[in-house]
Amino acid sequence: MSPKNYKVRVGISIGDFNGIGPEIIMKSLKDKTITDFFTPIIFGSGKLFTYQKNIFKLNLNFNYINEASQAQPGKLNMVNLAKDNSNVELGTPTEESTHMAISSLEAATEALMKGEIDVLVTAPINKDEMMKMGFKHAGHTGYFEEKFNKKGLMFLVTDDLKVAVSTHHIPIVKVAENISKEKIKKQIRALNQTLIEDFCIQKPKIAVLGLNPHSGDGGVIGNEEIEIISPAIKELSDNGILAFGPFPADSFFQPSKYKNFDAVLAMYHDQGLAPFKTLAYEEGVNYTAGLPFIRTSPDHGVAYDIAGKNIADEQSFTEAIFTAIKIFKNRSEYNDLMSNRMQPRKMVVDNGIDEDLPDENEG
Ligand SMILES: NC(=O)C1=CN([C@@H]2O[C@H](COP(=O)(O)OP(=O)(O)OC[C@H]3O[C@@H](n4cnc5c(N)ncnc54)[C@H](O)[C@@H]3O)[C@@H](O)[C@H]2O)C=CC1
Ligand SMILES: NCC(=O)COP(=O)(O)O
């Protein structure tokens with residue numbers, strides 16, 4: 001078990017440095033007492049951050065290191081991935097900034113897998129530019145799934161509202177064919193498990209949204225609710241998981257409804273993220289649940305339109321850091337609790353996050 005005063009080592013990948021990544025990272029770390037709470041380890045470049053900290057008039061001092069294992073508590077550690085000057089063109093992605101985004105993510109992920117950092121917080125990337133440079137995934141989620149050989153669940157969280165999405169970054173025309181009873185069952189189990197293990201909610205109540213308008217209206221506007229979603233919910237609730245629905249998505253996000261549940265499973269990206277970002281934008285955190293390692297990020301993108309203007313709000317990034325730390329501590333406590341249980345009472349915990357979920361058909 002980590003002692004109570006253990007300072008979690010928070011790895012930070014910098015994303016596209018021509019977006020708002022470095023600005024929100026530095027603003028999140030600007031308070032001199034921040035290292036009392038955790039040990040930051042940025043995978044970036046000293047010269048790049050020195051240049052940008054002057055633009056944003058921030059007074060930070062970094063401890064430059066060659067690898068994460070050299071990080072020191074009490075300091076703003078920076079793994080210096082590039083010794084030369086970087087050409088900064090705030091507001092425009094370049095080959096150089098995209099290349100650095102990939103290097104930073106890869107170095108941070110390696111450190112995470114080697115145990116040199118405890119959690120990873122990723123600053124926003126430009127998926128399109130990364131894919132043009134050979135990166136295989138339309139986002140971090142797919143990248144981590146491949147790296148960790150496990151299906152993750154895109155889970156957007158605040159204290160009050162938690163929304164997961166059944167399909168991730170795929171075209172809308174592919175959504176229906178990527179929804180299945182088995183997949184939804186596994187995702188609800190995964191959601192149930194992450195709520196217990198990572199968020200300390202003992203008996204989570206989970207709402208599931210329908211796919212079609214009015215949840216299909218008895219089948220006249222689509223059959224996925226009748227054939228796929230309702231049977232999945234029924235099987236799980238027969239087995240003790242508190243899953244409810246399918247609810248029509250258009251009216252679900254009234255406070256009097258969503259506040260009755262600990263989390264929501266939406267069927268596709270914008271069905272879940274549009275209401276989430278409307279209700280919880282500043283403090284929203286994107287957490288990739290169900291993986292063996294902890295990764296969070298802010299709930300926004302590279303924001304090229306405001307890069308360099310010194311108006312980017314760092315709150316979501318700060319929340320991403322503290323959410324990752326909280327999950328790390330909750331998970332450690334949960335694991336301690338489970339491993340200390342007396343043998344006869346030990347349950348086999350089906351975390352429901354089987355590796356055999358079919359890949360989303362992105363093409
Ligand atoms: N985790 C990640 O790596 C994510 C990456 N993206 C990528 O970002 C790029 C741009 O995506 P958009 O849809 O334009 O979303 P965006 O989040 O970058 O921007 C949407 C609007 O929100 C504003 N905004 C975003 N973050 C802000 C902040 N911290 N403070 C103040 N205003 C903020 C922007 O100025 C813009 O007007 C795309 O390439 C997308 O793939 C988008 C979401 C997450
Ligand atoms: N809309 C969420 C998003 O784009 C972030 O995705 P990912 O990079 O976490 O896969």
# chains A, B, ... in the order shown; residues from 1 in each chain; ligands from 1

$ residues_near_ligand --ligand "ligand 1" --cutoff "8 Å" --atoms "only C-alpha atoms and all ligand atoms" --output "PyMOL selection string"
chain A and resi 15+20+24+122-129+138-140+282+286+297-307+311-317

$ write_last_selection --atoms "N, CA, C and O atoms" --output "short mmCIF file (atom, residue, chain, number, x, y, z; two decimals), in the first residue's frame"
data_model
loop_
_atom_site.label_atom_id
_atom_site.label_comp_id
_atom_site.auth_asym_id
_atom_site.auth_seq_id
_atom_site.Cartn_x
_atom_site.Cartn_y
_atom_site.Cartn_z
N GLY A 15 1.04 16.96 -25.78
CA GLY A 15 0.12 17.17 -26.90
C GLY A 15 0.76 18.04 -27.97
O GLY A 15 1.99 18.11 -28.09
N ILE A 20 -2.99 24.69 -27.08
CA ILE A 20 -2.92 25.30 -25.74
C ILE A 20 -2.27 24.38 -24.69
O ILE A 20 -2.26 24.71 -23.51
N ILE A 24 -1.81 25.35 -20.67
CA ILE A 24 -2.64 24.83 -19.57
C ILE A 24 -1.82 23.96 -18.61
O ILE A 24 -2.10 23.93 -17.42
N THR A 122 -2.78 13.40 -20.23
CA THR A 122 -2.38 13.77 -21.60
C THR A 122 -2.97 15.11 -21.99
O THR A 122 -4.17 15.33 -21.84
N ALA A 123 -2.13 16.01 -22.51
CA ALA A 123 -2.64 17.26 -23.09
C ALA A 123 -3.14 16.95 -24.50
O ALA A 123 -2.76 15.95 -25.10
N PRO A 124 -4.00 17.82 -25.04
CA PRO A 124 -4.68 17.46 -26.31
C PRO A 124 -3.77 17.33 -27.52
O PRO A 124 -2.81 18.09 -27.69
N ILE A 125 -4.14 16.37 -28.36
CA ILE A 125 -3.44 16.12 -29.63
C ILE A 125 -4.37 16.47 -30.78
O ILE A 125 -5.59 16.57 -30.60
N ASN A 126 -3.77 16.59 -31.96
CA ASN A 126 -4.57 16.76 -33.18
C ASN A 126 -4.56 15.40 -33.89
O ASN A 126 -3.56 14.99 -34.47
N LYS A 127 -5.71 14.71 -33.83
CA LYS A 127 -5.77 13.33 -34.32
C LYS A 127 -5.46 13.24 -35.81
O LYS A 127 -4.73 12.36 -36.26
N ASP A 128 -6.01 14.18 -36.54
CA ASP A 128 -5.85 14.20 -38.00
C ASP A 128 -4.36 14.33 -38.37
O ASP A 128 -3.82 13.53 -39.15
N GLU A 129 -3.67 15.31 -37.78
CA GLU A 129 -2.25 15.52 -38.10
C GLU A 129 -1.41 14.32 -37.66
O GLU A 129 -0.48 13.91 -38.34
N ALA A 138 -7.33 7.21 -34.02
CA ALA A 138 -8.02 8.51 -33.99
C ALA A 138 -8.23 8.93 -32.54
O ALA A 138 -9.34 9.12 -32.08
N GLY A 139 -7.15 9.04 -31.81
CA GLY A 139 -7.24 9.47 -30.42
C GLY A 139 -6.37 8.62 -29.51
O GLY A 139 -5.85 7.58 -29.92
N HIS A 140 -6.25 9.10 -28.26
CA HIS A 140 -5.43 8.37 -27.28
C HIS A 140 -6.04 7.00 -26.94
O HIS A 140 -5.34 6.03 -26.68
N GLU A 282 -15.99 23.20 -17.89
CA GLU A 282 -14.73 23.65 -17.27
C GLU A 282 -14.10 22.57 -16.42
O GLU A 282 -12.90 22.39 -16.40
N ASN A 286 -11.73 13.66 -18.98
CA ASN A 286 -11.87 12.48 -19.82
C ASN A 286 -10.98 11.38 -19.22
O ASN A 286 -9.77 11.53 -19.18
N SER A 297 -7.40 13.07 -19.12
CA SER A 297 -7.06 14.25 -19.94
C SER A 297 -8.16 15.28 -19.73
O SER A 297 -9.24 14.95 -19.21
N PRO A 298 -7.91 16.53 -20.15
CA PRO A 298 -9.02 17.49 -20.09
C PRO A 298 -10.09 17.08 -21.09
O PRO A 298 -9.85 16.25 -21.97
N ASP A 299 -11.27 17.70 -20.99
CA ASP A 299 -12.35 17.28 -21.89
C ASP A 299 -12.41 18.14 -23.15
O ASP A 299 -13.41 18.14 -23.85
N HIS A 300 -11.33 18.87 -23.42
CA HIS A 300 -11.33 19.72 -24.62
C HIS A 300 -10.14 19.39 -25.50
O HIS A 300 -9.30 18.56 -25.14
N GLY A 301 -10.09 20.06 -26.65
CA GLY A 301 -9.03 19.78 -27.62
C GLY A 301 -7.94 20.83 -27.63
O GLY A 301 -7.73 21.54 -26.63
N VAL A 302 -7.27 20.95 -28.79
CA VAL A 302 -6.07 21.78 -28.91
C VAL A 302 -6.37 23.28 -28.94
O VAL A 302 -5.47 24.10 -28.73
N ALA A 303 -7.61 23.64 -29.24
CA ALA A 303 -8.07 25.05 -29.21
C ALA A 303 -7.11 25.99 -29.94
O ALA A 303 -6.66 27.00 -29.37
N TYR A 304 -6.83 25.70 -31.21
CA TYR A 304 -5.90 26.54 -31.98
C TYR A 304 -6.37 28.00 -32.03
O TYR A 304 -5.57 28.92 -32.13
N ASP A 305 -7.72 28.18 -32.01
CA ASP A 305 -8.25 29.54 -32.17
C ASP A 305 -7.82 30.49 -31.04
O ASP A 305 -7.81 31.70 -31.23
N ILE A 306 -7.44 29.93 -29.88
CA ILE A 306 -7.04 30.82 -28.78
C ILE A 306 -5.58 30.61 -28.36
O ILE A 306 -5.11 31.22 -27.39
N ALA A 307 -4.87 29.76 -29.10
CA ALA A 307 -3.48 29.45 -28.70
C ALA A 307 -2.63 30.71 -28.76
O ALA A 307 -2.66 31.45 -29.74
N ILE A 311 -5.51 33.12 -22.86
CA ILE A 311 -6.87 33.10 -22.29
C ILE A 311 -7.36 31.66 -22.07
O ILE A 311 -8.51 31.45 -21.69
N ALA A 312 -6.49 30.68 -22.33
CA ALA A 312 -6.94 29.29 -22.14
C ALA A 312 -7.17 29.04 -20.65
O ALA A 312 -6.38 29.43 -19.80
N ASP A 313 -8.29 28.36 -20.38
CA ASP A 313 -8.67 28.04 -19.00
C ASP A 313 -8.05 26.67 -18.64
O ASP A 313 -8.29 25.69 -19.35
N GLU A 314 -7.30 26.64 -17.57
CA GLU A 314 -6.57 25.41 -17.22
C GLU A 314 -7.38 24.49 -16.30
O GLU A 314 -6.90 23.42 -15.90
N GLN A 315 -8.62 24.88 -15.96
CA GLN A 315 -9.33 24.14 -14.91
C GLN A 315 -9.50 22.65 -15.25
O GLN A 315 -9.30 21.78 -14.41
N SER A 316 -9.90 22.37 -16.50
CA SER A 316 -10.13 20.97 -16.86
C SER A 316 -8.83 20.16 -16.75
O SER A 316 -8.83 19.00 -16.32
N PHE A 317 -7.70 20.79 -17.13
CA PHE A 317 -6.42 20.07 -17.02
C PHE A 317 -6.07 19.82 -15.56
O PHE A 317 -5.62 18.73 -15.19
#

$ residues_around --residues "Met133 (chain A)" --least-positions-apart "5" --cutoff "9 Å" --atoms "only C-alpha atoms" --output "list of chain:residue names"
A:Glu95, A:Thr98, A:His99, A:Asp128

$ write_last_selection --atoms "all heavy atoms" --output "mmCIF file, in the first residue's frame"
data_model
loop_
_atom_site.group_PDB
_atom_site.id
_atom_site.type_symbol
_atom_site.label_atom_id
_atom_site.label_comp_id
_atom_site.auth_asym_id
_atom_site.auth_seq_id
_atom_site.Cartn_x
_atom_site.Cartn_y
_atom_site.Cartn_z
ATOM 1 N N GLU A 95 4.618 19.862 -38.716
ATOM 2 C CA GLU A 95 5.233 18.523 -38.618
ATOM 3 C C GLU A 95 6.003 18.401 -37.322
ATOM 4 O O GLU A 95 5.961 17.369 -36.643
ATOM 5 C CB GLU A 95 6.193 18.306 -39.792
ATOM 6 C CG GLU A 95 5.601 17.408 -40.829
ATOM 7 C CD GLU A 95 6.587 17.006 -41.896
ATOM 8 O OE1 GLU A 95 7.772 16.744 -41.601
ATOM 9 O OE2 GLU A 95 6.140 16.944 -43.054
ATOM 10 N N THR A 98 3.649 18.077 -34.304
ATOM 11 C CA THR A 98 2.983 16.772 -34.328
ATOM 12 C C THR A 98 3.969 15.670 -33.944
ATOM 13 O O THR A 98 3.650 14.753 -33.182
ATOM 14 C CB THR A 98 2.396 16.494 -35.730
ATOM 15 O OG1 THR A 98 1.586 17.610 -36.097
ATOM 16 C CG2 THR A 98 1.564 15.239 -35.762
ATOM 17 N N HIS A 99 5.188 15.800 -34.473
ATOM 18 C CA HIS A 99 6.226 14.817 -34.155
ATOM 19 C C HIS A 99 6.495 14.813 -32.652
ATOM 20 O O HIS A 99 6.582 13.755 -32.011
ATOM 21 C CB HIS A 99 7.498 15.162 -34.943
ATOM 22 C CG HIS A 99 8.576 14.151 -34.751
ATOM 23 N ND1 HIS A 99 9.630 14.362 -33.892
ATOM 24 C CD2 HIS A 99 8.748 12.914 -35.259
ATOM 25 C CE1 HIS A 99 10.403 13.286 -33.890
ATOM 26 N NE2 HIS A 99 9.893 12.400 -34.717
ATOM 27 N N ASP A 128 -6.007 14.184 -36.544
ATOM 28 C CA ASP A 128 -5.851 14.198 -37.996
ATOM 29 C C ASP A 128 -4.364 14.327 -38.372
ATOM 30 O O ASP A 128 -3.817 13.528 -39.151
ATOM 31 C CB ASP A 128 -6.675 15.394 -38.513
ATOM 32 C CG ASP A 128 -6.549 15.590 -39.994
ATOM 33 O OD1 ASP A 128 -6.320 14.591 -40.688
ATOM 34 O OD2 ASP A 128 -6.689 16.740 -40.464
#

$ atom_distance --atom1 "CA of Lys183 (chain A)" --atom2 "CA of Leu195 (chain A)"
18.2 Å

$ select_by_dssp --residues "region 54-180 of chain A" --states "strand (DSSP E)" --output "short mmCIF file (atom, residue, chain, number, x, y, z; two decimals) with all heavy atoms, in the first residue's frame"
data_model
loop_
_atom_site.label_atom_id
_atom_site.label_comp_id
_atom_site.auth_asym_id
_atom_site.auth_seq_id
_atom_site.Cartn_x
_atom_site.Cartn_y
_atom_site.Cartn_z
N PHE A 62 12.05 24.48 -13.96
CA PHE A 62 11.98 23.04 -14.19
C PHE A 62 13.26 22.34 -13.77
O PHE A 62 14.35 22.92 -13.84
CB PHE A 62 11.72 22.75 -15.68
CG PHE A 62 10.39 23.30 -16.14
CD1 PHE A 62 10.34 24.43 -16.95
CD2 PHE A 62 9.21 22.71 -15.76
CE1 PHE A 62 9.12 24.95 -17.37
CE2 PHE A 62 7.99 23.22 -16.17
CZ PHE A 62 7.94 24.34 -16.98
N ASN A 63 13.10 21.10 -13.37
CA ASN A 63 14.24 20.24 -13.08
C ASN A 63 14.41 19.31 -14.28
O ASN A 63 13.62 18.38 -14.48
CB ASN A 63 13.94 19.43 -11.80
CG ASN A 63 15.03 18.43 -11.48
OD1 ASN A 63 16.21 18.73 -11.62
ND2 ASN A 63 14.63 17.22 -11.06
N TYR A 64 15.43 19.57 -15.10
CA TYR A 64 15.58 18.79 -16.33
C TYR A 64 16.21 17.43 -16.04
O TYR A 64 17.20 17.34 -15.32
CB TYR A 64 16.44 19.56 -17.34
CG TYR A 64 15.78 20.85 -17.74
CD1 TYR A 64 16.37 22.07 -17.44
CD2 TYR A 64 14.53 20.84 -18.36
CE1 TYR A 64 15.73 23.26 -17.76
CE2 TYR A 64 13.89 22.02 -18.68
CZ TYR A 64 14.49 23.22 -18.39
OH TYR A 64 13.85 24.38 -18.69
N ILE A 65 15.61 16.40 -16.61
CA ILE A 65 16.10 15.04 -16.39
C ILE A 65 16.10 14.29 -17.72
O ILE A 65 15.45 14.74 -18.69
CB ILE A 65 15.23 14.28 -15.35
CG1 ILE A 65 13.73 14.33 -15.73
CG2 ILE A 65 15.42 14.86 -13.95
CD1 ILE A 65 12.79 13.64 -14.74
N LEU A 76 9.41 20.53 -10.32
CA LEU A 76 8.66 20.39 -11.58
C LEU A 76 9.60 19.70 -12.57
O LEU A 76 10.44 20.33 -13.21
CB LEU A 76 8.26 21.76 -12.14
CG LEU A 76 7.40 22.66 -11.26
CD1 LEU A 76 7.08 23.97 -11.98
CD2 LEU A 76 6.09 21.95 -10.88
N ASN A 77 9.50 18.39 -12.63
CA ASN A 77 10.45 17.61 -13.43
C ASN A 77 10.08 17.66 -14.91
O ASN A 77 8.90 17.55 -15.26
CB ASN A 77 10.45 16.17 -12.95
CG ASN A 77 10.87 16.07 -11.50
OD1 ASN A 77 12.04 16.16 -11.17
ND2 ASN A 77 9.89 15.92 -10.60
N MET A 78 11.11 17.76 -15.74
CA MET A 78 10.87 17.77 -17.20
C MET A 78 11.83 16.80 -17.86
O MET A 78 13.05 17.00 -17.83
CB MET A 78 11.12 19.18 -17.73
CG MET A 78 11.27 19.30 -19.21
SD MET A 78 9.77 19.76 -20.05
CE MET A 78 9.39 21.34 -19.34
N VAL A 79 11.28 15.73 -18.43
CA VAL A 79 12.12 14.84 -19.23
C VAL A 79 12.37 15.57 -20.55
O VAL A 79 11.44 15.85 -21.31
CB VAL A 79 11.43 13.47 -19.49
CG1 VAL A 79 12.32 12.58 -20.34
CG2 VAL A 79 11.08 12.78 -18.18
N ASN A 80 13.63 15.88 -20.79
CA ASN A 80 13.97 16.74 -21.92
C ASN A 80 14.11 15.90 -23.18
O ASN A 80 15.15 15.29 -23.42
CB ASN A 80 15.29 17.46 -21.57
CG ASN A 80 15.39 18.78 -22.26
OD1 ASN A 80 14.45 19.22 -22.94
ND2 ASN A 80 16.53 19.44 -22.12
N VAL A 119 0.61 7.67 -12.88
CA VAL A 119 -0.57 7.98 -13.71
C VAL A 119 -0.10 8.86 -14.87
O VAL A 119 0.97 9.47 -14.79
CB VAL A 119 -1.65 8.74 -12.90
CG1 VAL A 119 -2.14 7.92 -11.71
CG2 VAL A 119 -1.16 10.10 -12.43
N LEU A 120 -0.92 8.90 -15.90
CA LEU A 120 -0.57 9.75 -17.05
C LEU A 120 -1.72 10.71 -17.36
O LEU A 120 -2.87 10.29 -17.49
CB LEU A 120 -0.28 8.86 -18.27
CG LEU A 120 -0.06 9.57 -19.61
CD1 LEU A 120 1.06 10.60 -19.54
CD2 LEU A 120 0.26 8.55 -20.70
N VAL A 121 -1.39 11.98 -17.48
CA VAL A 121 -2.36 12.99 -17.89
C VAL A 121 -1.90 13.52 -19.25
O VAL A 121 -0.77 13.99 -19.39
CB VAL A 121 -2.44 14.15 -16.86
CG1 VAL A 121 -3.51 15.15 -17.28
CG2 VAL A 121 -2.74 13.60 -15.47
N THR A 122 -2.78 13.40 -20.23
CA THR A 122 -2.38 13.77 -21.60
C THR A 122 -2.97 15.11 -21.99
O THR A 122 -4.17 15.33 -21.84
CB THR A 122 -2.84 12.70 -22.61
OG1 THR A 122 -4.27 12.58 -22.56
CG2 THR A 122 -2.23 11.33 -22.31
N LEU A 153 -12.78 2.22 -21.87
CA LEU A 153 -14.10 2.83 -21.98
C LEU A 153 -13.92 4.33 -21.84
O LEU A 153 -13.36 4.80 -20.85
CB LEU A 153 -14.99 2.29 -20.85
CG LEU A 153 -16.47 2.63 -20.90
CD1 LEU A 153 -17.13 2.06 -22.16
CD2 LEU A 153 -17.18 2.07 -19.67
N MET A 154 -14.37 5.08 -22.86
CA MET A 154 -14.26 6.54 -22.79
C MET A 154 -15.28 7.04 -21.77
O MET A 154 -16.48 6.85 -21.94
CB MET A 154 -14.53 7.14 -24.17
CG MET A 154 -14.13 8.59 -24.28
SD MET A 154 -14.52 9.26 -25.91
CE MET A 154 -13.28 8.52 -26.93
N PHE A 155 -14.78 7.65 -20.72
CA PHE A 155 -15.62 7.96 -19.57
C PHE A 155 -15.34 9.40 -19.14
O PHE A 155 -14.24 9.73 -18.71
CB PHE A 155 -15.25 6.97 -18.44
CG PHE A 155 -16.21 6.93 -17.28
CD1 PHE A 155 -17.52 7.32 -17.41
CD2 PHE A 155 -15.79 6.45 -16.04
CE1 PHE A 155 -18.40 7.27 -16.34
CE2 PHE A 155 -16.65 6.37 -14.97
CZ PHE A 155 -17.96 6.80 -15.12
N LEU A 156 -16.33 10.24 -19.31
CA LEU A 156 -16.19 11.67 -18.99
C LEU A 156 -16.77 11.91 -17.60
O LEU A 156 -17.93 11.55 -17.35
CB LEU A 156 -16.95 12.51 -20.02
CG LEU A 156 -16.33 12.75 -21.40
CD1 LEU A 156 -15.15 13.70 -21.30
CD2 LEU A 156 -15.91 11.49 -22.12
N VAL A 157 -15.96 12.50 -16.72
CA VAL A 157 -16.40 12.54 -15.33
C VAL A 157 -16.24 13.91 -14.68
O VAL A 157 -15.31 14.67 -14.96
CB VAL A 157 -15.61 11.50 -14.47
CG1 VAL A 157 -15.82 10.09 -14.99
CG2 VAL A 157 -14.13 11.79 -14.41
N LYS A 162 -21.31 11.63 -14.67
CA LYS A 162 -20.34 10.70 -15.24
C LYS A 162 -20.97 10.03 -16.46
O LYS A 162 -22.01 9.38 -16.33
CB LYS A 162 -19.92 9.64 -14.21
CG LYS A 162 -19.22 10.25 -13.00
CD LYS A 162 -18.74 9.19 -12.03
CE LYS A 162 -17.90 9.81 -10.90
NZ LYS A 162 -18.54 10.93 -10.18
N VAL A 163 -20.35 10.20 -17.62
CA VAL A 163 -20.94 9.70 -18.86
C VAL A 163 -19.92 8.87 -19.64
O VAL A 163 -18.84 9.37 -20.00
CB VAL A 163 -21.41 10.87 -19.76
CG1 VAL A 163 -22.06 10.34 -21.03
CG2 VAL A 163 -22.38 11.78 -19.01
N ALA A 164 -20.25 7.60 -19.89
CA ALA A 164 -19.40 6.76 -20.75
C ALA A 164 -20.06 6.64 -22.11
O ALA A 164 -21.27 6.84 -22.24
CB ALA A 164 -19.25 5.38 -20.12
N VAL A 165 -19.27 6.31 -23.12
CA VAL A 165 -19.86 6.15 -24.45
C VAL A 165 -19.53 4.76 -25.00
O VAL A 165 -18.39 4.30 -24.91
CB VAL A 165 -19.42 7.26 -25.44
CG1 VAL A 165 -20.08 8.57 -25.08
CG2 VAL A 165 -17.92 7.44 -25.50
#

$ closest_residue --among "A:Lys234, A:His169, A:Gly11, A:Lys53" --to "Thr141 (chain A)" --atoms "only C-alpha atoms"
A:His169
